[in-house]
Every structure is written in C-alpha cells, then in structure tokens.
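Comments concern the structure below.
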Amino acid sequence: MPTSPTPTLVAGVHCSARQVRILVCDAATGTPLRQGRAAYAEGAATTPGAWLRAFGEAAAGGLLDGVAAIAVAAQNHGAVPLDAQGVILGHPLPGDDPGASGAAADLVDALGGPAAWTMATGSVPGSSSAIAQLRRFARFEPDAVARIASVLLPHDWVTWQLLGCPPDPVTDRADASTTGYYATTGEWREDLLHLAIGRVPRTPTVLAPGGIAGRTPEGVLVSAGTGAEAALALGAGLSDGDVVVAIGTTGTAFAPHPVSVADPTGVVASYADATGRHLPLTRTLNAARVLRGTASMLGLDADEFDRVALECTPGASGLVLLPYLDGEQIPDLPHAAGTLTGLRPESMTPAALARASVEGMLCGISDALDVLRDRDVAVHRVILVGPGARSAAVSTIAPALLGLPTAVPAAPLAGRHVAQGAARQAAWALFGALPAWSPAVGTFVEPAEEELALGDAVRAQYREVRDRLHPGAVPPPREGAEVGGRHRRG
C-alpha cells in the first residue's frame with residue numbers, strides 16, 4: 001500500500017502577553033499538526049529573556065523537528081533598546097500600562113497635534129507605542145539612552161535571536177508601522193526618533209512581504225515575522241469586508257484595506273499589514289472589563305453571568321449602561337464615567353443589569369465599527385476573538401446587536417490564529433508565494449430579520465441615552481461614507 005508523502009512543515013510562533021505558542025503546520029494546506037505552549041514566569045511578560053525561555057519550553061520534546069521555515073509574531077507594544085554589543089538596556093512596558101501616556105502626549109504636542117502625526121506616520125502615539133516608551137525611557141534613564149545603538153520591536157528581537165544575533169536586524173512593514181517613527185510612504189522617520197530621544201539609533205531593515213530574514217544556525221529558514229494583529233489577519237484569511245473585533249480589557253477592531261487611511265483625528269490608526277496592503281485599526285477603552293466588573297457587582301462567576309444575562313429579554317427592560325468606566329475614545333470622552341439609566345421596578349434585577357452590560361459593551365463596539373465605516377473601510381462580517389468573545393452571552397447577542405453575520409472561532413481554533421498566521425508567512429517565505437490556506441474562523445451566524453429589528457431597537461435606545469447625556473460627542477457620519485446593511489450610524 002503506497003504511503004502518503006511526508007508534508008513540508010512550517011512553524012509559527014506567537015509571543016503573546018501571557019505565553020509563547022508554537023504551531024507546526026503542513027506548509028501546503030495550513031493544517032495544524034502539533035503545537036507547544038509555555039507561560040512566562042509571573043511578572044516577566046515584558047522581559048525579553050522570558051520570551052526566549054518560554055520559546056525553549058514550548059519547543060521542547062522535538063516540536064520543531066523537520067520544520068523547514070519559521071516566523072515570529074508578537075505583541076507590537078514597546079521597544080527593546082540595545083547597546084553596541086546587543087545588551088538590552090530597557091524592557092517594554094505592558095500594552096495596558098499607562099506609564100508612557102505622558103510621554104505620548106508630549107510627543108503629540110511637539111509635532112503639532114494628532115493630524116500632524118497621522119500625516120507623518122498614519123497613527124497618533126499612545127502609551128504602548130515604541131516612540132512613546134522610548135521618550136519615557138529618555139526621561140528616566142538619560143545615561144542609558146546615550147548608549148542606545150539600535151532599537152528593535154519584540155518580534156524583531158526574537159527573530160534576531162533565532163538568527164544568531166546577526167549584525168543587521170530586520171523587521172516587516174506591518175510592525176514598523178506601529179512604532180510611531182515609520183512613514184506612511186515606507187521609510188523610517190529619523191527626525192521623529194530624534195524628537196523622542198535626542199539621537200538616532202540604528203533601525204532594522206524593513207523586509208518586503210514574504211521576505212526572508214535568514215536562517216537559523218541549524219539551517220531553518222526564518223521569515224520576516226510581523227505583529228500580532230497582522231499575523232491574525234493572515235491566519236484568519238481576512239477578505240475585504242471582514243472585521244476582526246478583539247474583546248480584551250479594551251476592544252480592538254481592524255480590517256484589511258487597500259490603501260492607507262488618513263484620519264486627522266487619530267481615532268483610526270492606519271497600520272500596514274503583512275501582505276503589502278493596510279490594516280486600519282480602532283480601539284474602545286472599555287470591553288471585557290465591563291463584563292468582569294458587572295459580574296463582580298452581582299457576585300457571579302463567568303458562566304453564571306452568561307446564564308443570567310441571557311435570561312433577560314433584549315433591551316434589558318429599558319436599562320441602559322454607557323460603559324465608559326475608564327473614560328472613552330469612541331466617542332471622545334476621556335473624563336467620562338460609566339452611566340446606568342432606566343431604573344424601574346421591572347429593570348432592577350440581576351438579569352437586566354447583566355444584559356445591559358453586554359448590550360452596552362457591544363454598542364460601544366458598534367460605535368467603533370461606525371468609525372471604520374466613516375473612513376470608507378468595508379464592514380460586512382465580524383470575527384470575534386479574545387477573552388470577551390468566549391462569553392456565551394456576547395456570542396449569542398452580538399450578531400443581532402451588531403447587525404452583521406458574526407463568527408466566534410471555537411476551541412481549538414480560538415487563540416491559534418496569530419501563530420497560524422505566522423506559520424503562513426513562513427510558508428510564503430519558503431515557497432516564494434503566499435499559500436492559499438483555508439481560513440479557520442468557524443461558522444458565521446446570520447441574524448434573522450426579527451433579531452435584526454430587535455438589534456435596531458437596542459441600538460436606538462443606547463444612542464438616545466448616549467446623545468442625551470453626551471450631546472455632540474458623536475459627530476454625524478461623513479458625507480458619502482459607507483452605511484452597512486441593517487446597521488445604521490446614529
């Protein structure tokens with residue numbers, strides 16, 4: 001009996017905020033064949049040495065035996081400054097750490113405001129951006145800054161280590177576009193680096209999409225690697241009109257787009273993607289924290305919270321939660337607090353409060369999708385990922401409330417897309433062409449007509465409260481902007 005040919009293997013590495021995941025796939029089909037995971041030691045998530053230790057643990061037991069090519073994707077916050085000998089001078093801050101927010105605000109003012117930054121780099125520096133963290137580093141460690149010879153992003157640094165620390169580090173355009181010192185026209189902005197720290201360290205070479213970074217000492221081909229969002233877009237096989245909504249502590253929405261998005265307000269960050277196109281991204285400040293906070297108020301665990309929320313009818317008996325617990329940027333309400341309205345005897349129940357928190361959080365996501373539409377980004381389907389997407393209440397309520405076909409990848413697909421996207425990039429570098437792997441996003445749930453009508457009513461109820469309490473916070477839609485399906489901006 002003939003035997004099947006041995007598949008060519010590629011590996012994708014995802015250095016997330018909590019762990020390293022390595023996924024080994026069939027290079028031709030994308031079929032996952034084996035994987036390994038290892039968590040960081042407590043408190044070591046932003047320590048580069050911890051990334052390498054976790055990588056070694058995840059790859060133990062011969063996981064990478066027979067792998068022909070590998071790529072690294074990592075969270076794209078912060079920077080790894082190195083001296084002339086490659087010694088690390090400082091660690092990036094966690095993505096949700098506001099420690100560099102003051103430095104970011106200083107930089108925004110120094111260049112002339114948000115519009116100047118979006119014209120220069122496509123995005124406005126935030127506390128997690130490399131340029132803001134370098135500015136903060138310069139403020140508190142001026143002696144160390146004087147020794148910086150080069151600056152890498154997290155994925156660049158891990159790739160550099162895999163290659164044996166060659167003299168010429170590399171990156172890709174997607175991750176470079178998140179730094180705050182890479183131009184929308186595709187070159188480093190040394191003037192902005194000088195603005196941040198008073199000098200110009202060396203920057204990595206930006207490889208073309210599908211480019212080869214080199215080989216490991218063992219001979220494994222290494223591709224350029226990329227940032228987490230760009231890798232997720234590759235792994236999920238996004239098409240125009242597909243939007244990923246990641247529900248973590250904050251909510252992030254991003255979608256593939258053919259051109260850079262010029263948003264003078266800075267609400268939409270116009271990043272590059274890993275294919276030569278673009279990946280406009282916007283973010284709400286309040287997402288899964290709204291669900292966790294409400295569950296804590298009610299004394300419920302996650303499963304009980306979902307059950308109670310789904311016991312209530314749509315509209316939460318008139319109860320509306322504006323989920324601006326930590327201020328908000330969509331709409332622009334940095335000093336707002338959360339507001340609960342519509343308290344009546346019938347709505348003063350745990351079920352109504354739980355339902356209102358889910359609906360309020362999703363209405364905030366809906367506002368973020370409207371911002372993308374207003375910048376001519378196609379919004380036709382939604383893929384929900386992240387911790388909040390695992391909520392049964394969220395996955396059940398989202399299709400009708402967002403007014404769009406919605407998919408929630410189930411285990412084992414959930415959490416695997418970034419590593420699978422990195423593996424797909426590795427196959428691209430190996431074969432010289434991007435392989436047409438089948439996307440693994442699960443089934444899209446199409447809301448029924450009566451569910452869409454209920455979703456319209458819930459959003460209208462939310463908008464009425466939002467606009468009454470915060471008049472003018474949401475501008476009218478730009479003339480000519482896309483308005484999708486049953487979903488209407490208000």
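Every chain in the structure tokens has a letter given in the order shown (A, B, ...), and although residue numbers restart at 1 in each chain, ligands are simply numbered from 1 in the order shown.
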
### Query
Per DSSP on the backbone, what are the strand (DSSP E) residues of region 122-280 of chain A, as a PyMOL selection string?
chain A and resi 150-152+170-172+205-207+212-215+221-223+226-227+241-247+251-254+269-272+278-280

### Query
Could you pull the residues within 9 Å of Trp428 (chain A), counting only C-alpha atoms, minus those fewer than 3 positions along the same chain, as a list in words?
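Listing them by chain and then by number gives Ala27, Pro209, Gly210, Gly211, Ser223, Ala423, Arg424, Gln425, Phe431, Gly432, Ala433, Leu434 and Pro435 of chain A.
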
### Query
Could you state the separation of CA of Pro98 (chain A) and CA of Val206 (chain A) in Å, given to one decimal place?
28.5 Å

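Comparing A:Arg390, A:Arg202, A:Arg173, A:Arg344 by their smallest distance to Ala302 (chain A), the closest is A:Arg390 (using only C-alpha atoms).
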
### Contacts of Ala233 (chain A) within 10 Å, only C-alpha atoms, excl. fewer than 4 positions in-chain, as JSON, numbers by chain
{"A": [228, 229, 237, 238, 239, 242, 243, 244, 254, 255, 256, 273, 274, 275, 279, 417, 418, 420, 421, 422, 439]}

Generate a file of the selected residues that holds N, CA and C atoms, formatted as a tab-separated table (two decimals), in the first residue's frame.
```
chain	number	residue	atom	x	y	z
A	228	ALA	N	1.20	41.07	16.01
A	228	ALA	CA	0.13	40.11	16.32
A	228	ALA	C	-1.11	40.33	15.45
A	229	GLU	N	-1.55	41.60	15.29
A	229	GLU	CA	-2.76	41.84	14.51
A	229	GLU	C	-2.56	41.45	13.05
A	237	GLY	N	-7.33	34.60	7.36
A	237	GLY	CA	-7.63	34.72	5.93
A	237	GLY	C	-8.64	35.81	5.64
A	238	LEU	N	-8.45	36.99	6.22
A	238	LEU	CA	-9.44	38.06	6.07
A	238	LEU	C	-9.57	38.51	4.62
A	239	SER	N	-10.81	38.74	4.21
A	239	SER	CA	-11.12	39.33	2.92
A	239	SER	C	-11.65	40.73	3.14
A	242	ASP	N	-14.28	41.87	5.94
A	242	ASP	CA	-14.16	41.13	7.20
A	242	ASP	C	-13.49	42.02	8.24
A	243	VAL	N	-14.07	42.06	9.42
A	243	VAL	CA	-13.52	42.87	10.51
A	243	VAL	C	-13.28	41.96	11.70
A	244	VAL	N	-12.09	42.01	12.24
A	244	VAL	CA	-11.79	41.30	13.49
A	244	VAL	C	-12.09	42.24	14.65
A	254	PHE	N	-10.21	45.82	13.59
A	254	PHE	CA	-9.35	46.11	12.46
A	254	PHE	C	-9.78	45.27	11.27
A	255	ALA	N	-9.44	45.79	10.06
A	255	ALA	CA	-9.92	45.17	8.83
A	255	ALA	C	-8.92	45.42	7.72
A	256	PRO	N	-8.83	44.51	6.75
A	256	PRO	CA	-7.94	44.76	5.60
A	256	PRO	C	-8.50	45.88	4.74
A	273	ASP	N	-0.29	46.08	6.77
A	273	ASP	CA	-0.49	44.67	7.09
A	273	ASP	C	0.73	43.89	6.59
A	274	ALA	N	0.66	42.58	6.67
A	274	ALA	CA	1.81	41.75	6.31
A	274	ALA	C	1.81	41.32	4.86
A	275	THR	N	0.87	41.85	4.05
A	275	THR	CA	0.76	41.41	2.66
A	275	THR	C	1.08	42.50	1.65
A	279	LEU	N	-4.05	47.89	7.29
A	279	LEU	CA	-4.86	47.29	8.34
A	279	LEU	C	-5.32	48.40	9.29
A	417	HIS	N	-5.00	31.71	15.82
A	417	HIS	CA	-4.88	32.39	14.55
A	417	HIS	C	-3.57	33.15	14.38
A	418	VAL	N	-3.06	33.76	15.44
A	418	VAL	CA	-1.83	34.52	15.30
A	418	VAL	C	-0.68	33.59	14.94
A	420	GLN	N	-0.92	30.67	13.58
A	420	GLN	CA	-1.16	30.12	12.25
A	420	GLN	C	-0.83	31.14	11.16
A	421	GLY	N	-1.10	32.43	11.45
A	421	GLY	CA	-0.73	33.46	10.50
A	421	GLY	C	0.78	33.56	10.34
A	422	ALA	N	1.50	33.44	11.45
A	422	ALA	CA	2.96	33.45	11.36
A	422	ALA	C	3.46	32.25	10.56
A	439	PRO	N	-9.23	29.53	5.50
A	439	PRO	CA	-9.35	30.22	6.80
A	439	PRO	C	-10.11	29.36	7.79
```

### Query
Counting only C-alpha atoms, which of A:Ala288, A:Leu404, A:Val124, A:Val474 gets nearest to Pro331 (chain A)?
A:Val474

### Message
Excluding Glu346 (chain A) and its own-chain neighbours fewer than 5 positions away, which residues fall within 10 Å of it when counting only C-alpha atoms? Please give them as a list of chain:residue names.
### Response
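Non-adjacent residues within range: A:Ala316, A:Ser317, A:Gly318, A:Leu319, A:Ala352.
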
### Query
With only C-alpha atoms as the atoms that count, which of A:Gly78, A:Pro125, A:Pro323, A:Gly66 lies nearest to Gly364 (chain A)?
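Distance minimum relative to Gly364 (chain A) lands on A:Pro323.
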
### Task
Compare A:Val320, A:Val268, A:Ala427, A:Ala130 by their minimum atom-to-atom distance to Leu93 (chain A), counting only C-alpha atoms, and give me the closest one.
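Checking each candidate against Leu93 (chain A), we get A:Ala130 as the closest.
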
### Task
Name all residues at most 8 Å from region 245-253 of chain A (count only C-alpha atoms; drop same-chain ones fewer than 3 positions away) and give them as a PyMOL selection string.
chain A and resi 281-289+365+368-369+382-389

### Counting only C-alpha atoms, the option among A:Pro409, A:Gly113, A:Pro350, A:Pro81 closest to Thr443 (chain A)
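Ranked by minimum distance to Thr443 (chain A), first place goes to A:Pro409.
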
### Selection near Asp156 (chain A), 10 Å with only C-alpha atoms, sequence-local residues under 2 positions removed, as a ChimeraX atom specification
/A:72-74,76,79-80,151-154,158-162,169-172,175-176,204,224-227

Restrict the selected residues to N, CA and C atoms and save them as a PDB file, in the first residue's frame.
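Output saved as out06.pdb:
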```pdb
ATOM      1  N   VAL A  72       7.987  34.563  13.437  1.00  0.00           N
ATOM      2  CA  VAL A  72       7.627  35.016  14.777  1.00  0.00           C
ATOM      3  C   VAL A  72       6.643  36.169  14.676  1.00  0.00           C
ATOM      4  N   ALA A  73       5.571  36.090  15.440  1.00  0.00           N
ATOM      5  CA  ALA A  73       4.650  37.209  15.626  1.00  0.00           C
ATOM      6  C   ALA A  73       4.618  37.536  17.113  1.00  0.00           C
ATOM      7  N   ALA A  74       4.493  38.816  17.428  1.00  0.00           N
ATOM      8  CA  ALA A  74       4.488  39.208  18.832  1.00  0.00           C
ATOM      9  C   ALA A  74       3.626  40.436  19.015  1.00  0.00           C
ATOM     10  N   ASN A  76       2.805  44.086  19.563  1.00  0.00           N
ATOM     11  CA  ASN A  76       3.634  45.130  18.976  1.00  0.00           C
ATOM     12  C   ASN A  76       3.758  46.364  19.860  1.00  0.00           C
ATOM     13  N   ALA A  79       9.378  48.832  22.903  1.00  0.00           N
ATOM     14  CA  ALA A  79      10.603  48.690  22.139  1.00  0.00           C
ATOM     15  C   ALA A  79      11.673  48.046  23.010  1.00  0.00           C
ATOM     16  N   VAL A  80      12.635  47.419  22.345  1.00  0.00           N
ATOM     17  CA  VAL A  80      13.774  46.800  23.025  1.00  0.00           C
ATOM     18  C   VAL A  80      15.030  47.551  22.595  1.00  0.00           C
ATOM     19  N   VAL A 151      17.339  49.885  18.054  1.00  0.00           N
ATOM     20  CA  VAL A 151      16.049  49.657  18.703  1.00  0.00           C
ATOM     21  C   VAL A 151      15.285  48.613  17.901  1.00  0.00           C
ATOM     22  N   LEU A 152      14.829  47.566  18.577  1.00  0.00           N
ATOM     23  CA  LEU A 152      14.026  46.518  17.947  1.00  0.00           C
ATOM     24  C   LEU A 152      12.665  46.451  18.610  1.00  0.00           C
ATOM     25  N   LEU A 153      11.683  45.966  17.871  1.00  0.00           N
ATOM     26  CA  LEU A 153      10.397  45.611  18.448  1.00  0.00           C
ATOM     27  C   LEU A 153      10.468  44.190  18.991  1.00  0.00           C
ATOM     28  N   PRO A 154       9.500  43.790  19.830  1.00  0.00           N
ATOM     29  CA  PRO A 154       9.575  42.439  20.393  1.00  0.00           C
ATOM     30  C   PRO A 154       9.740  41.329  19.361  1.00  0.00           C
ATOM     31  N   VAL A 158      13.109  38.666  18.932  1.00  0.00           N
ATOM     32  CA  VAL A 158      13.057  37.198  18.951  1.00  0.00           C
ATOM     33  C   VAL A 158      13.579  36.642  17.628  1.00  0.00           C
ATOM     34  N   THR A 159      13.199  37.259  16.515  1.00  0.00           N
ATOM     35  CA  THR A 159      13.711  36.834  15.208  1.00  0.00           C
ATOM     36  C   THR A 159      15.229  36.953  15.166  1.00  0.00           C
ATOM     37  N   TRP A 160      15.742  38.053  15.662  1.00  0.00           N
ATOM     38  CA  TRP A 160      17.192  38.290  15.699  1.00  0.00           C
ATOM     39  C   TRP A 160      17.895  37.204  16.504  1.00  0.00           C
ATOM     40  N   GLN A 161      17.299  36.798  17.622  1.00  0.00           N
ATOM     41  CA  GLN A 161      17.871  35.731  18.437  1.00  0.00           C
ATOM     42  C   GLN A 161      17.867  34.400  17.689  1.00  0.00           C
ATOM     43  N   LEU A 162      16.771  34.105  16.986  1.00  0.00           N
ATOM     44  CA  LEU A 162      16.707  32.848  16.225  1.00  0.00           C
ATOM     45  C   LEU A 162      17.797  32.802  15.152  1.00  0.00           C
ATOM     46  N   PRO A 169      19.813  43.451  11.952  1.00  0.00           N
ATOM     47  CA  PRO A 169      18.465  43.014  12.319  1.00  0.00           C
ATOM     48  C   PRO A 169      17.447  43.430  11.245  1.00  0.00           C
ATOM     49  N   VAL A 170      16.310  42.738  11.236  1.00  0.00           N
ATOM     50  CA  VAL A 170      15.269  43.015  10.245  1.00  0.00           C
ATOM     51  C   VAL A 170      13.918  43.131  10.934  1.00  0.00           C
ATOM     52  N   THR A 171      12.969  43.699  10.214  1.00  0.00           N
ATOM     53  CA  THR A 171      11.579  43.749  10.652  1.00  0.00           C
ATOM     54  C   THR A 171      10.700  43.669   9.416  1.00  0.00           C
ATOM     55  N   ASP A 172       9.397  43.864   9.596  1.00  0.00           N
ATOM     56  CA  ASP A 172       8.484  43.920   8.455  1.00  0.00           C
ATOM     57  C   ASP A 172       7.707  45.233   8.527  1.00  0.00           C
ATOM     58  N   ASP A 175       4.807  45.708  11.438  1.00  0.00           N
ATOM     59  CA  ASP A 175       5.251  46.065  12.778  1.00  0.00           C
ATOM     60  C   ASP A 175       5.946  47.423  12.779  1.00  0.00           C
ATOM     61  N   ALA A 176       6.711  47.715  11.727  1.00  0.00           N
ATOM     62  CA  ALA A 176       7.364  49.022  11.648  1.00  0.00           C
ATOM     63  C   ALA A 176       6.331  50.151  11.706  1.00  0.00           C
ATOM     64  N   PRO A 204      16.049  48.625  12.208  1.00  0.00           N
ATOM     65  CA  PRO A 204      16.208  47.397  11.421  1.00  0.00           C
ATOM     66  C   PRO A 204      15.833  47.592   9.953  1.00  0.00           C
ATOM     67  N   ALA A 224      10.316  37.168   7.762  1.00  0.00           N
ATOM     68  CA  ALA A 224      10.403  38.493   8.383  1.00  0.00           C
ATOM     69  C   ALA A 224       9.715  38.552   9.736  1.00  0.00           C
ATOM     70  N   GLY A 225       8.649  37.760   9.929  1.00  0.00           N
ATOM     71  CA  GLY A 225       7.841  37.902  11.126  1.00  0.00           C
ATOM     72  C   GLY A 225       6.973  39.138  11.029  1.00  0.00           C
ATOM     73  N   THR A 226       6.123  39.370  12.038  1.00  0.00           N
ATOM     74  CA  THR A 226       5.212  40.510  11.984  1.00  0.00           C
ATOM     75  C   THR A 226       4.586  40.731  13.356  1.00  0.00           C
ATOM     76  N   GLY A 227       3.692  41.718  13.437  1.00  0.00           N
ATOM     77  CA  GLY A 227       2.961  41.983  14.665  1.00  0.00           C
ATOM     78  C   GLY A 227       1.766  41.066  14.817  1.00  0.00           C
TER      79      GLY A 227
END
```

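Taking CA of Leu89 (chain A) and CA of Ser128 (chain A) as endpoints, the distance between them is 17.7 Å.
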
### Query
CA of Glu42 (chain A) and CA of Gln133 (chain A) are how many Å apart?
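Between these atoms lies a distance of 22.0 Å.
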